[in-house]
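Novice: Below is the file structure32.tsv, which contains TSV, C-alpha atoms and all ligand atoms.
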chain	number	residue	atom	x	y	z
A	1	MET	CA	80.27	103.05	70.32
A	2	ARG	CA	81.82	100.30	72.36
A	3	SER	CA	83.25	97.12	71.00
A	4	ARG	CA	85.25	94.40	72.63
A	5	SER	CA	87.29	91.60	71.30
A	6	LEU	CA	89.47	88.92	72.74
A	7	SER	CA	93.16	89.25	72.30
A	8	CYS	CA	94.94	87.53	69.47
A	9	VAL	CA	97.63	86.48	71.92
A	10	HIS	CA	95.55	83.85	73.61
A	11	SER	CA	93.13	82.77	70.95
A	12	PRO	CA	94.23	79.44	69.54
A	13	GLY	CA	93.34	77.69	66.33
A	14	PHE	CA	90.29	78.12	64.21
A	15	LEU	CA	88.91	81.32	65.72
A	16	LEU	CA	92.17	83.18	65.47
A	17	ALA	CA	91.58	84.81	62.10
A	18	LEU	CA	88.09	85.94	63.03
A	19	LEU	CA	89.15	87.31	66.41
A	20	CYS	CA	92.12	89.11	64.93
A	21	ALA	CA	89.83	90.68	62.36
A	22	LEU	CA	87.74	92.09	65.21
A	23	ALA	CA	90.74	93.37	67.11
A	24	PRO	CA	92.21	96.77	66.37
A	25	PRO	CA	94.82	96.74	63.63
A	26	ALA	CA	98.43	96.24	64.61
A	27	ARG	CA	99.59	99.78	64.06
A	28	ALA	CA	103.02	101.11	63.44
A	29	LEU	CA	104.34	102.81	66.56
A	30	GLU	CA	103.23	106.38	66.72
A	31	THR	CA	106.01	108.73	65.78
A	32	ALA	CA	104.73	111.85	67.54
A	33	SER	CA	106.07	111.83	71.08
A	34	ILE	CA	103.81	112.53	74.05
A	35	PRO	CA	105.40	115.16	76.30
A	36	PHE	CA	106.11	114.36	79.97
A	37	THR	CA	109.13	116.16	81.41
A	38	ASP	CA	108.91	114.48	84.82
A	39	ARG	CA	107.44	111.25	86.07
A	40	ALA	CA	103.90	112.17	87.07
A	41	CYS	CA	102.40	109.56	89.35
A	42	ALA	CA	98.88	110.32	90.54
A	43	THR	CA	98.69	107.64	93.23
A	44	ILE	CA	97.38	109.33	96.37
A	45	GLU	CA	99.52	108.59	99.41
A	46	PRO	CA	97.95	108.76	102.87
A	47	SER	CA	98.64	111.37	105.53
A	48	SER	CA	101.48	110.70	107.99
A	49	ALA	CA	98.98	109.74	110.69
A	50	GLU	CA	97.20	107.33	108.38
A	51	ALA	CA	100.51	105.86	107.25
A	52	GLN	CA	101.45	105.28	110.89
A	53	ALA	CA	98.16	103.47	111.57
A	54	ILE	CA	98.66	101.33	108.47
A	55	GLN	CA	102.17	100.48	109.65
A	56	GLN	CA	100.86	99.31	113.01
A	57	SER	CA	98.29	97.06	111.34
A	58	LEU	CA	100.92	95.35	109.24
A	59	GLN	CA	101.64	91.71	109.98
A	60	GLU	CA	105.19	90.51	109.96
A	61	PRO	CA	105.83	88.03	107.16
A	62	SER	CA	105.41	84.57	108.63
A	63	ALA	CA	108.32	82.95	106.84
A	64	THR	CA	111.87	83.89	106.07
A	65	GLU	CA	112.20	86.66	103.56
A	66	SER	CA	113.80	84.55	100.89
A	67	GLY	CA	110.94	82.04	100.92
A	68	LEU	CA	108.25	84.58	100.09
A	69	GLY	CA	106.96	85.64	96.73
A	70	GLY	CA	104.55	84.07	94.34
A	71	VAL	CA	102.77	84.23	91.04
A	72	VAL	CA	100.67	87.29	90.23
A	73	GLN	CA	97.98	86.97	87.57
A	74	VAL	CA	97.60	90.06	85.40
A	75	ALA	CA	94.36	90.91	83.58
A	76	LEU	CA	95.14	93.65	81.08
A	77	HIS	CA	92.55	95.99	79.60
A	78	VAL	CA	93.46	98.10	76.58
A	79	ILE	CA	91.20	101.13	76.11
A	80	TRP	CA	91.42	103.01	72.81
A	81	ASN	CA	89.45	105.63	70.91
A	82	GLY	CA	89.58	104.23	67.40
A	83	VAL	CA	92.72	106.22	66.57
A	84	ASP	CA	95.08	106.19	69.55
A	85	GLY	CA	95.74	103.75	72.34
A	86	ALA	CA	95.78	100.48	70.41
A	87	ILE	CA	98.98	99.11	71.91
A	88	THR	CA	100.00	95.90	70.16
A	89	ASP	CA	99.97	92.38	71.55
A	90	ALA	CA	103.76	92.41	71.26
A	91	GLN	CA	103.90	95.51	73.49
A	92	VAL	CA	101.65	93.81	76.03
A	93	GLU	CA	103.97	90.78	76.14
A	94	GLU	CA	107.02	93.03	76.48
A	95	GLN	CA	105.33	94.88	79.34
A	96	ILE	CA	104.83	91.65	81.28
A	97	GLU	CA	108.42	90.65	80.55
A	98	GLU	CA	109.61	94.00	81.91
A	99	LEU	CA	107.66	93.45	85.14
A	100	ASN	CA	109.28	90.04	85.54
A	101	GLU	CA	112.76	91.40	84.93
A	102	ASP	CA	112.30	94.26	87.38
A	103	PHE	CA	110.72	92.20	90.18
A	104	SER	CA	113.26	89.38	89.74
A	105	GLY	CA	116.33	91.57	90.07
A	106	ALA	CA	117.35	90.92	86.47
A	107	SER	CA	117.71	94.68	86.03
A	108	GLY	CA	120.04	94.98	89.01
A	109	GLY	CA	118.09	95.05	92.29
A	110	TRP	CA	116.76	92.55	94.81
A	111	ASP	CA	114.81	89.50	93.62
A	112	THR	CA	111.41	90.01	95.25
A	113	GLY	CA	110.18	86.51	94.39
A	114	TYR	CA	107.10	87.90	92.62
A	115	ARG	CA	106.46	86.79	89.06
A	116	PHE	CA	103.74	87.91	86.68
A	117	VAL	CA	101.71	85.93	84.19
A	118	LEU	CA	99.32	87.48	81.70
A	119	THR	CA	96.00	85.69	82.03
A	120	SER	CA	93.81	87.84	79.76
A	121	VAL	CA	93.83	90.83	77.45
A	122	ASP	CA	90.70	92.62	76.31
A	123	ARG	CA	90.30	95.66	74.12
A	124	THR	CA	87.59	98.27	74.46
A	125	LEU	CA	86.83	101.07	72.02
A	126	ASP	CA	85.43	103.92	74.11
A	127	ALA	CA	86.57	107.53	73.70
A	128	ASN	CA	85.25	108.57	77.13
A	129	TRP	CA	87.06	105.81	78.97
A	130	PHE	CA	90.17	106.43	76.89
A	131	ASP	CA	90.54	110.04	78.10
A	132	LEU	CA	90.20	108.95	81.69
A	133	ALA	CA	90.24	111.18	84.78
A	134	MET	CA	91.21	109.67	88.13
A	135	GLY	CA	88.25	109.18	90.46
A	136	SER	CA	85.74	109.92	87.70
A	137	ASN	CA	82.47	108.17	87.02
A	138	ASN	CA	84.07	106.90	83.84
A	139	GLU	CA	86.83	105.20	85.83
A	140	ARG	CA	84.24	103.62	88.11
A	141	ARG	CA	82.09	102.40	85.20
A	142	MET	CA	85.10	101.11	83.29
A	143	LYS	CA	86.32	99.05	86.23
A	144	GLU	CA	82.84	97.73	87.00
A	145	ALA	CA	82.48	96.60	83.39
A	146	LEU	CA	85.93	95.14	82.79
A	147	ALA	CA	87.58	94.01	86.05
A	148	VAL	CA	88.47	90.32	86.12
A	149	ASP	CA	88.21	88.51	89.49
A	150	PRO	CA	90.08	91.13	91.56
A	151	LEU	CA	90.56	88.70	94.44
A	152	HIS	CA	93.08	86.77	92.34
A	153	HIS	CA	94.19	89.24	89.65
A	154	VAL	CA	95.73	92.64	89.37
A	155	ASN	CA	93.66	94.51	86.80
A	156	VAL	CA	95.74	96.88	84.69
A	157	TYR	CA	94.10	99.42	82.38
A	158	THR	CA	95.89	101.38	79.64
A	159	ALA	CA	94.34	104.71	78.62
A	160	ARG	CA	95.25	108.33	77.84
A	161	ILE	CA	95.58	110.05	81.19
A	162	SER	CA	97.14	113.26	82.46
A	163	ALA	CA	99.64	111.33	84.61
A	164	LEU	CA	101.85	108.35	83.80
A	165	GLY	CA	99.80	106.19	86.11
A	166	TRP	CA	98.00	105.61	89.37
A	167	SER	CA	97.19	102.67	91.59
A	168	SER	CA	95.04	101.72	94.53
A	169	PHE	CA	96.86	100.76	97.74
A	170	PRO	CA	96.12	97.41	99.38
A	171	TRP	CA	94.58	99.04	102.47
A	172	ASP	CA	92.37	101.36	100.38
A	173	ILE	CA	89.82	98.88	99.34
A	174	ALA	CA	88.49	95.37	100.02
A	175	GLU	CA	90.49	92.65	98.30
A	176	ASP	CA	87.54	91.53	96.16
A	177	ASP	CA	86.41	95.06	95.18
A	178	VAL	CA	86.39	95.72	91.43
A	179	HIS	CA	87.37	99.38	91.89
A	180	GLN	CA	90.98	98.62	92.75
A	181	GLY	CA	93.66	98.25	90.12
A	182	ILE	CA	96.23	100.19	88.15
A	183	VAL	CA	95.75	102.67	85.33
A	184	ILE	CA	98.76	103.54	83.18
A	185	HIS	CA	99.25	105.83	80.22
A	186	TYR	CA	99.26	103.77	77.03
A	187	GLY	CA	102.38	105.66	75.91
A	188	SER	CA	104.37	104.30	78.88
A	189	VAL	CA	104.48	100.68	77.71
A	190	PRO	CA	107.63	99.36	75.98
A	191	GLY	CA	108.00	101.18	72.66
A	192	GLY	CA	105.38	103.77	73.64
A	193	ALA	CA	105.52	107.42	72.65
A	194	ILE	CA	106.45	109.05	75.98
A	195	THR	CA	110.12	109.96	75.71
A	196	ASN	CA	112.18	108.79	78.73
A	197	PHE	CA	109.21	106.89	80.17
A	198	ASN	CA	108.57	104.22	77.56
A	199	LEU	CA	110.45	101.15	78.77
A	200	GLY	CA	107.46	99.81	80.69
A	201	ARG	CA	108.71	100.75	84.15
A	202	THR	CA	105.73	102.97	84.94
A	203	LEU	CA	103.85	99.73	85.55
A	204	THR	CA	106.69	98.47	87.77
A	205	HIS	CA	106.41	101.69	89.83
A	206	GLU	CA	102.61	101.47	90.09
A	207	MET	CA	102.79	97.75	90.91
A	208	GLY	CA	105.00	98.76	93.83
A	209	HIS	CA	102.15	100.98	95.08
A	210	TYR	CA	99.63	98.21	94.45
A	211	PHE	CA	101.76	96.03	96.76
A	212	GLY	CA	101.85	98.78	99.40
A	213	LEU	CA	105.07	100.71	98.74
A	214	PHE	CA	105.30	104.47	99.21
A	215	HIS	CA	107.49	106.78	97.16
A	216	VAL	CA	111.05	106.75	98.51
A	217	PHE	CA	110.69	110.51	99.17
A	218	PHE	CA	107.40	110.05	101.10
A	219	THR	CA	108.30	112.15	104.15
A	220	GLY	CA	111.42	113.75	102.67
A	221	CYS	CA	114.35	114.01	105.08
A	222	LEU	CA	112.12	113.28	108.08
A	223	GLU	CA	111.67	109.87	109.68
A	224	PRO	CA	110.03	107.47	108.99
A	225	ASN	CA	110.37	108.30	105.31
A	226	ASP	CA	108.87	105.40	103.33
A	227	TYR	CA	108.79	102.92	106.27
A	228	VAL	CA	111.54	100.93	104.56
A	229	SER	CA	114.88	100.91	106.36
A	230	ASP	CA	117.18	100.23	103.41
A	231	THR	CA	115.98	103.01	101.09
A	232	PRO	CA	117.93	106.13	102.12
A	233	ALA	CA	115.91	109.28	102.74
A	234	GLU	CA	115.48	111.72	99.89
A	235	ALA	CA	114.25	115.33	100.11
A	236	GLN	CA	112.16	115.28	96.96
A	237	ALA	CA	111.37	113.32	93.84
A	238	THR	CA	114.27	112.78	91.47
A	239	THR	CA	114.07	114.32	88.01
A	240	GLY	CA	115.81	112.63	85.08
A	241	CYS	CA	118.88	110.62	86.07
A	242	PRO	CA	121.29	112.66	88.22
A	243	PRO	CA	124.75	111.48	89.38
A	244	ASP	CA	124.85	108.53	91.80
A	245	SER	CA	126.44	110.80	94.41
A	246	THR	CA	123.28	112.95	94.67
A	247	ASP	CA	122.45	113.37	98.36
A	248	THR	CA	119.55	115.67	99.24
A	249	CYS	CA	119.36	114.52	102.90
A	250	SER	CA	123.05	114.95	103.71
A	251	SER	CA	122.52	114.70	107.48
A	252	MET	CA	121.07	111.21	107.06
A	253	PRO	CA	122.81	108.00	106.00
A	254	GLY	CA	123.12	107.04	102.35
A	255	VAL	CA	122.81	108.84	99.04
A	256	ASP	CA	119.51	109.36	97.22
A	257	PRO	CA	117.98	106.10	95.95
A	258	ILE	CA	117.72	107.49	92.42
A	259	HIS	CA	117.67	104.02	90.83
A	260	ASN	CA	114.79	102.81	92.97
A	261	TYR	CA	111.53	101.99	91.15
A	262	LEU	CA	109.63	104.09	93.71
A	263	ASP	CA	111.52	107.27	92.86
A	264	TYR	CA	110.54	109.52	89.92
A	265	SER	CA	113.62	108.95	87.74
A	266	TYR	CA	113.55	108.17	84.03
A	267	ASP	CA	112.76	104.57	83.11
A	268	ALA	CA	116.37	104.00	81.99
A	269	CYS	CA	117.62	105.18	85.40
A	270	TYR	CA	115.51	102.63	87.28
A	271	SER	CA	117.08	99.34	88.33
A	272	GLN	CA	116.09	98.28	91.81
A	273	PHE	CA	113.80	97.22	94.55
A	274	THR	CA	115.45	96.59	97.92
A	275	ALA	CA	115.17	93.71	100.40
A	276	GLY	CA	113.30	96.07	102.74
A	277	GLN	CA	110.75	96.94	100.07
A	278	ASP	CA	110.31	93.23	99.36
A	279	ALA	CA	109.62	92.55	103.05
A	280	ARG	CA	107.06	95.39	103.14
A	281	MET	CA	105.30	94.02	100.05
A	282	ASP	CA	105.23	90.53	101.63
A	283	GLY	CA	103.70	91.93	104.82
A	284	MET	CA	101.18	94.03	102.90
A	285	LEU	CA	99.91	91.13	100.83
A	286	GLN	CA	99.75	88.87	103.85
A	287	THR	CA	97.76	91.49	105.77
A	288	TYR	CA	95.46	92.92	103.13
A	289	ARG	CA	95.45	90.55	100.13
A	290	PRO	CA	95.75	87.04	101.59
A	291	HIS	CA	94.01	85.42	98.59
A	292	PHE	CA	95.81	87.34	95.88
A	293	LEU	CA	98.70	85.16	94.83
A	294	ALA	CA	98.11	82.22	92.50
A	295	ALA	CA	100.75	80.36	94.45
A	296	PRO	CA	100.44	81.26	98.14
A	297	LEU	CA	103.14	83.08	100.05
A	298	ALA	CA	105.91	80.82	101.24
A	299	VAL	CA	104.38	77.81	99.52
A	300	ASP	CA	105.47	76.66	96.09
A	301	SER	CA	107.62	79.72	95.65
A	302	PRO	CA	109.81	79.76	92.56
A	303	ARG	CA	112.36	76.98	92.57
A	304	ALA	CA	115.70	78.35	91.61
A	305	SER	CA	119.21	77.11	90.97
A	306	ARG	CA	122.23	79.27	90.25
A	307	ASP	CA	121.22	79.67	86.61
A	308	ALA	CA	117.50	79.09	86.31
A	309	SER	CA	114.09	79.50	87.95
A	310	LEU	CA	110.93	77.50	87.37
A	311	TRP	CA	107.66	78.98	88.56
A	312	PRO	CA	104.73	77.19	90.14
A	313	VAL	CA	102.25	75.89	87.61
A	314	ILE	CA	98.95	77.71	87.61
A	315	PRO	CA	96.13	77.15	87.91
A	316	THR	CA	96.30	74.06	90.13
A	317	PRO	CA	94.80	71.83	89.01
A	318	SER	CA	95.05	72.76	85.35
A	319	THR	CA	92.53	71.49	82.83
A	320	ARG	CA	94.01	69.43	79.98
A	321	SER	CA	97.11	71.61	79.62
A	322	ALA	CA	99.46	73.48	81.93
A	323	LYS	CA	101.64	76.50	81.37
A	324	LEU	CA	105.25	76.29	82.53
A	325	VAL	CA	107.12	79.54	83.03
A	326	PHE	CA	110.87	79.60	83.54
A	327	ALA	CA	113.75	82.03	83.40
A	328	LEU	CA	117.43	81.69	82.63
A	329	ARG	CA	120.00	84.03	84.08
A	330	ARG	CA	122.55	83.22	81.40
A	331	GLU	CA	122.79	81.39	78.11
A	332	GLY	CA	123.29	77.67	78.44
A	333	LYS	CA	122.20	74.13	77.74
A	334	VAL	CA	118.67	73.65	78.98
A	335	THR	CA	116.13	70.86	79.10
A	336	LEU	CA	112.56	71.07	80.34
A	337	ARG	CA	110.94	67.67	80.77
A	338	VAL	CA	107.69	66.49	82.29
A	339	HIS	CA	107.75	63.21	84.22
A	340	ASP	CA	104.89	61.11	85.53
A	341	LEU	CA	104.84	59.87	89.11
A	342	ALA	CA	106.80	56.80	88.07
A	343	GLY	CA	109.57	59.05	86.88
A	344	ARG	CA	109.06	58.30	83.20
A	345	VAL	CA	109.61	61.18	80.80
A	346	VAL	CA	106.24	61.91	79.21
A	347	ALA	CA	107.24	65.09	77.36
A	348	THR	CA	110.42	66.92	76.43
A	349	LEU	CA	109.41	70.54	75.95
A	350	VAL	CA	112.86	72.09	75.61
A	351	ASP	CA	116.22	70.57	74.73
A	352	GLY	CA	118.90	72.92	73.47
A	353	ILE	CA	120.94	76.06	74.02
A	354	LEU	CA	118.85	79.07	75.01
A	355	PRO	CA	119.84	82.69	75.68
A	356	ALA	CA	119.04	84.35	79.02
A	357	GLY	CA	115.42	85.40	79.32
A	358	HIS	CA	111.90	84.41	80.31
A	359	TYR	CA	110.15	81.51	78.59
A	360	THR	CA	106.75	79.90	78.54
A	361	GLN	CA	106.01	76.33	77.45
A	362	VAL	CA	102.70	74.50	77.40
A	363	PHE	CA	102.39	70.88	78.50
A	364	ALA	CA	99.34	69.28	76.88
A	365	PRO	CA	99.48	65.47	76.99
A	366	SER	CA	97.78	63.67	74.14
A	367	GLY	CA	94.32	62.48	75.05
A	368	GLY	CA	94.25	65.00	77.89
A	369	ALA	CA	95.43	62.43	80.43
A	370	SER	CA	94.75	63.64	83.93
A	371	GLY	CA	97.16	63.05	86.77
A	372	VAL	CA	100.05	64.36	88.79
A	373	TYR	CA	103.30	65.18	87.03
A	374	PHE	CA	106.62	66.80	87.75
A	375	ALA	CA	108.24	69.34	85.49
A	376	VAL	CA	112.03	69.32	85.74
A	377	LEU	CA	114.12	72.16	84.39
A	378	THR	CA	117.81	71.38	83.97
A	379	ALA	CA	120.23	74.19	83.26
A	380	GLU	CA	123.96	73.55	83.11
A	381	GLY	CA	123.53	70.32	85.04
A	382	GLU	CA	121.43	71.71	87.91
A	383	HIS	CA	117.81	70.66	88.35
A	384	VAL	CA	114.75	72.53	89.59
A	385	ALA	CA	111.30	70.97	89.74
A	386	GLN	CA	107.63	71.88	90.17
A	387	ARG	CA	104.61	69.70	90.67
A	388	LEU	CA	101.67	69.99	88.29
A	389	VAL	CA	98.21	68.50	88.41
A	390	LEU	CA	96.06	68.01	85.33
A	391	THR	CA	92.35	67.26	85.21
A	392	ARG	CA	90.20	66.50	82.21
B	401	ZN	ZN	104.01	106.71	92.39
How would this structure read if it were set down as structure tokens?
Ligand SMILES: [Zn+2]
Specialist:
Amino acid sequence: MRSRSLSCVHSPGFLLALLCALAPPARALETASIPFTDRACATIEPSSAEAQAIQQSLQEPSATESGLGGVVQVALHVIWNGVDGAITDAQVEEQIEELNEDFSGASGGWDTGYRFVLTSVDRTLDANWFDLAMGSNNERRMKEALAVDPLHHVNVYTARISALGWSSFPWDIAEDDVHQGIVIHYGSVPGGAITNFNLGRTLTHEMGHYFGLFHVFFTGCLEPNDYVSDTPAEAQATTGCPPDSTDTCSSMPGVDPIHNYLDYSYDACYSQFTAGQDARMDGMLQTYRPHFLAAPLAVDSPRASRDASLWPVIPTPSTRSAKLVFALRREGKVTLRVHDLAGRVVATLVDGILPAGHYTQVFAPSGGASGVYFAVLTAEGEHVAQRLVLTR
């Protein structure tokens, strides 16, 4: 039996009760833990020769590093078997928040400039797809049935798999091919049942692969390692969360990058991407996924002040309403206002003290007036702005 329903997260108004009735019940978190002693990532890395060829094909980012980044649209597909796998809408939202924190440096590392917005959630009851094997006919059929516009979305599937996750690489597959995407274990999302791997950072790790990053231990203590110059070499995958002084390639510079999202450490041990990894991701997307970002590379990148960031409005133009996504690095007085081209305030969406975090507000002018507007975010006296275009 297969049944689908829209998510309750994005179903406004009248239909909400009906749609929620069709959706799987919001279940209490499962208490039985799912055993994984080590991070098991099933993403298949290329041979050294292939990796070298890929490296040579890579275009240099065309703009300065700090200007790159953009908005990534996530289409999430929850697969369940009628008993297990029904992660809640709240867990889905927390998973996207975790991605944004990790890619923005809020957890400690480099701000990559990439931000993630959830554009759809669907739920499929199918026991065969739920117990999914990598490379199987079931995986192929599932992706062919469910993938949302892969040219402009990363499709993420949650299922019960023998690994924590796997991903396609950008060079693996044409940018509009439905067979790309990321599969993660449903127990790896925030609040999931996999001890030590349930903060949602499995998806951060797999997203790194999706953007073209290798494991930091790719060629061990041999050059070129992971083709990223600022991730020190590491002899093998890290287990758990060893001391910061751990150094398995002692003849090479630096200690093991045990906190890097592309190592195998516990979720709680993870805290960083590096500037070099960011540059590789930029080059990969530019080379292999030029249509992927909702806001193009080096254009309309997040506007940031010392305390706040405001992301480009997507889609452009928006129909009748527009979603504004912003983040605060610390608690403070914040306003978010929308102005028309004459500078008049047409909407005040936020005015008050807010704690640090990620926020979403919707601008929907009465009567659905079309036109060009500016959203201005003010945090502790500093302004950042984005343009938005509405059509009827
Ligand atoms: Zn991996």
Novice: Find, counting only C-alpha atoms, the residue in A:Ala51, A:Leu99, A:Ala32, A:Val121 that gets nearest to Gly187 (chain A).
Specialist: A:Ala32
Novice: Report the distance between CA of Leu354 (chain A) and CA of Arg330 (chain A) in Å, rounded to one decimal place.
Specialist: 8.5 Å
Novice: Could the centre and edge lengths of an axis-aligned box, enclosing all atoms of region 279-285 of chain A in the file with 6 Å extra on each side, be given in Å to one decimal as JSON?
Specialist:
{"center_x": 104.8, "center_y": 93.0, "center_z": 102.4, "size_x": 21.7, "size_y": 16.9, "size_z": 16.8}
Novice: Sorted by chain and rising residue number, which residues of chain A lie within 7 Å of ligand ZN 401 (chain B), and what are their closest atom pairs and distances in Å to one decimal, counting only C-alpha atoms and all ligand atoms, as a Markdown table?
Specialist:
| residue | atom | partner | partner_atom | distance |
| --- | --- | --- | --- | --- |
| A:Cys41 | CA | B:ZN401 | ZN | 4.5 |
| A:Ala42 | CA | B:ZN401 | ZN | 6.5 |
| A:Thr43 | CA | B:ZN401 | ZN | 5.5 |
| A:Trp166 | CA | B:ZN401 | ZN | 6.8 |
| A:His205 | CA | B:ZN401 | ZN | 6.1 |
| A:Glu206 | CA | B:ZN401 | ZN | 5.9 |
| A:His209 | CA | B:ZN401 | ZN | 6.6 |
| A:His215 | CA | B:ZN401 | ZN | 5.9 |
| A:Leu262 | CA | B:ZN401 | ZN | 6.3 |
Novice: CA of Gln95 (chain A) and CA of Tyr227 (chain A) are how many Å apart?
Specialist: 28.3 Å
Novice: Please, which residues in region 151-203 of chain A fall within 10 Å of region 86-90 of chain A when counting all atoms listed in the file, and what is the closest atom pair and distance in Å to one decimal for each, ordered by chain then residue number, as JSON lines?
Specialist:
{"residue": "A:Thr158", "atom": "CA", "partner": "A:Ile87", "partner_atom": "CA", "distance": 8.6}
{"residue": "A:Ala159", "atom": "CA", "partner": "A:Ala86", "partner_atom": "CA", "distance": 9.3}
{"residue": "A:Tyr186", "atom": "CA", "partner": "A:Ile87", "partner_atom": "CA", "distance": 6.9}
{"residue": "A:Gly187", "atom": "CA", "partner": "A:Ile87", "partner_atom": "CA", "distance": 8.4}
{"residue": "A:Val189", "atom": "CA", "partner": "A:Ile87", "partner_atom": "CA", "distance": 8.1}
{"residue": "A:Pro190", "atom": "CA", "partner": "A:Ala90", "partner_atom": "CA", "distance": 9.2}
{"residue": "A:Gly191", "atom": "CA", "partner": "A:Ile87", "partner_atom": "CA", "distance": 9.3}
{"residue": "A:Gly192", "atom": "CA", "partner": "A:Ile87", "partner_atom": "CA", "distance": 8.1}
Novice: CA of Asp131 (chain A) and CA of Ser162 (chain A), how far apart in Å?
Specialist: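 Taking CA of Ser162 (chain A) and CA of Asp131 (chain A), their separation equals 8.5 Å.
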Novice: Quick one: everything within 12 Å of Ile44 (chain A), counting only C-alpha atoms, minus sequence neighbours fewer than 6 positions away in the same chain. Send it as a list in words.
Specialist: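 Close residues of Ile44 (chain A): Ala51, Met134, Gly135, Gly165, Trp166, Ser167, Ser168, Phe169, Asp172, Glu206, His209, Tyr210, Gly212, Leu213, Phe214, His215 and Phe218 of chain A.
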Novice: Considering all atoms listed in the file, give me a table of residues in region 154-224 of chain A that are at most 6 Å from region 280-289 of chain A, with the closest atom pair and distance in Å for each, as CSV.
Specialist:
residue,atom,partner,partner_atom,distance
A:Pro170,CA,A:Tyr288,CA,5.9
A:Glu175,CA,A:Arg289,CA,5.7
A:Phe211,CA,A:Met281,CA,5.2
A:Gly212,CA,A:Met281,CA,5.9
Novice: From the set A:Pro253, A:Pro242, A:Pro46, A:Gly69, which residue has the shortest atom-to-atom contact distance to Ala268 (chain A), counting all atoms listed in the file?
Specialist: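 Using all atoms listed in the file, Ala268 (chain A) sits closest to A:Pro242.
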Novice: Point out the residue among A:Asp307, A:Asp263, A:Asp247, A:Glu234 with the least atom-to-atom distance to Gly357 (chain A), counting all atoms listed in the file.
Specialist: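 Closest to Gly357 (chain A) of all the choices is A:Asp307.
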Novice: Measuring atom to atom with only C-alpha atoms, identify which of A:Tyr270, A:Tyr114, A:Trp171, A:Trp80 is nearest to Ser57 (chain A).
Specialist: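 When distances to Ser57 (chain A) are compared using only C-alpha atoms, the smallest one comes from A:Trp171.
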Novice: Give me, as a list in words, all polymer residues having an atom no more than 8 Å from Thr378 (chain A), counting only C-alpha atoms and skipping those fewer than 6 positions away in the same chain.
Specialist: Val334, Thr335, Leu336 and Val384 of chain A
Novice: Name the residues within 12 Å of (113.5, 90.7, 93.8), counting only C-alpha atoms in the file's coordinates, and put them as a ChimeraX atom specification.
Specialist: /A:65-70,99-115,204,208,261,271-279,281-282,302
Novice: Identify which of the residues A:Asp340, A:Ser48, A:Pro35, A:Val148 lies closest to Thr219 (chain A), counting only C-alpha atoms when measuring atom-to-atom distances.
Specialist: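 Among the listed residues, A:Ser48 lies closest to Thr219 (chain A).
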Novice: So, with all atoms listed in the file as the atoms that count, which of A:Ala347, A:Leu328, A:Ile258, A:Ala133 lies closest to Asp244 (chain A)?
Specialist: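 Ranked by minimum distance to Asp244 (chain A), first place goes to A:Ile258.
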Novice: Mind checking which residues fall within 12 Å of Leu324 (chain A), counting all atoms listed in the file, ignoring those fewer than 4 positions away in the same chain, and posting them as a PyMOL selection string?
Specialist: chain A and resi 71+117+302+309-316+318+336-338+349-350+358-364+374-377+385-388
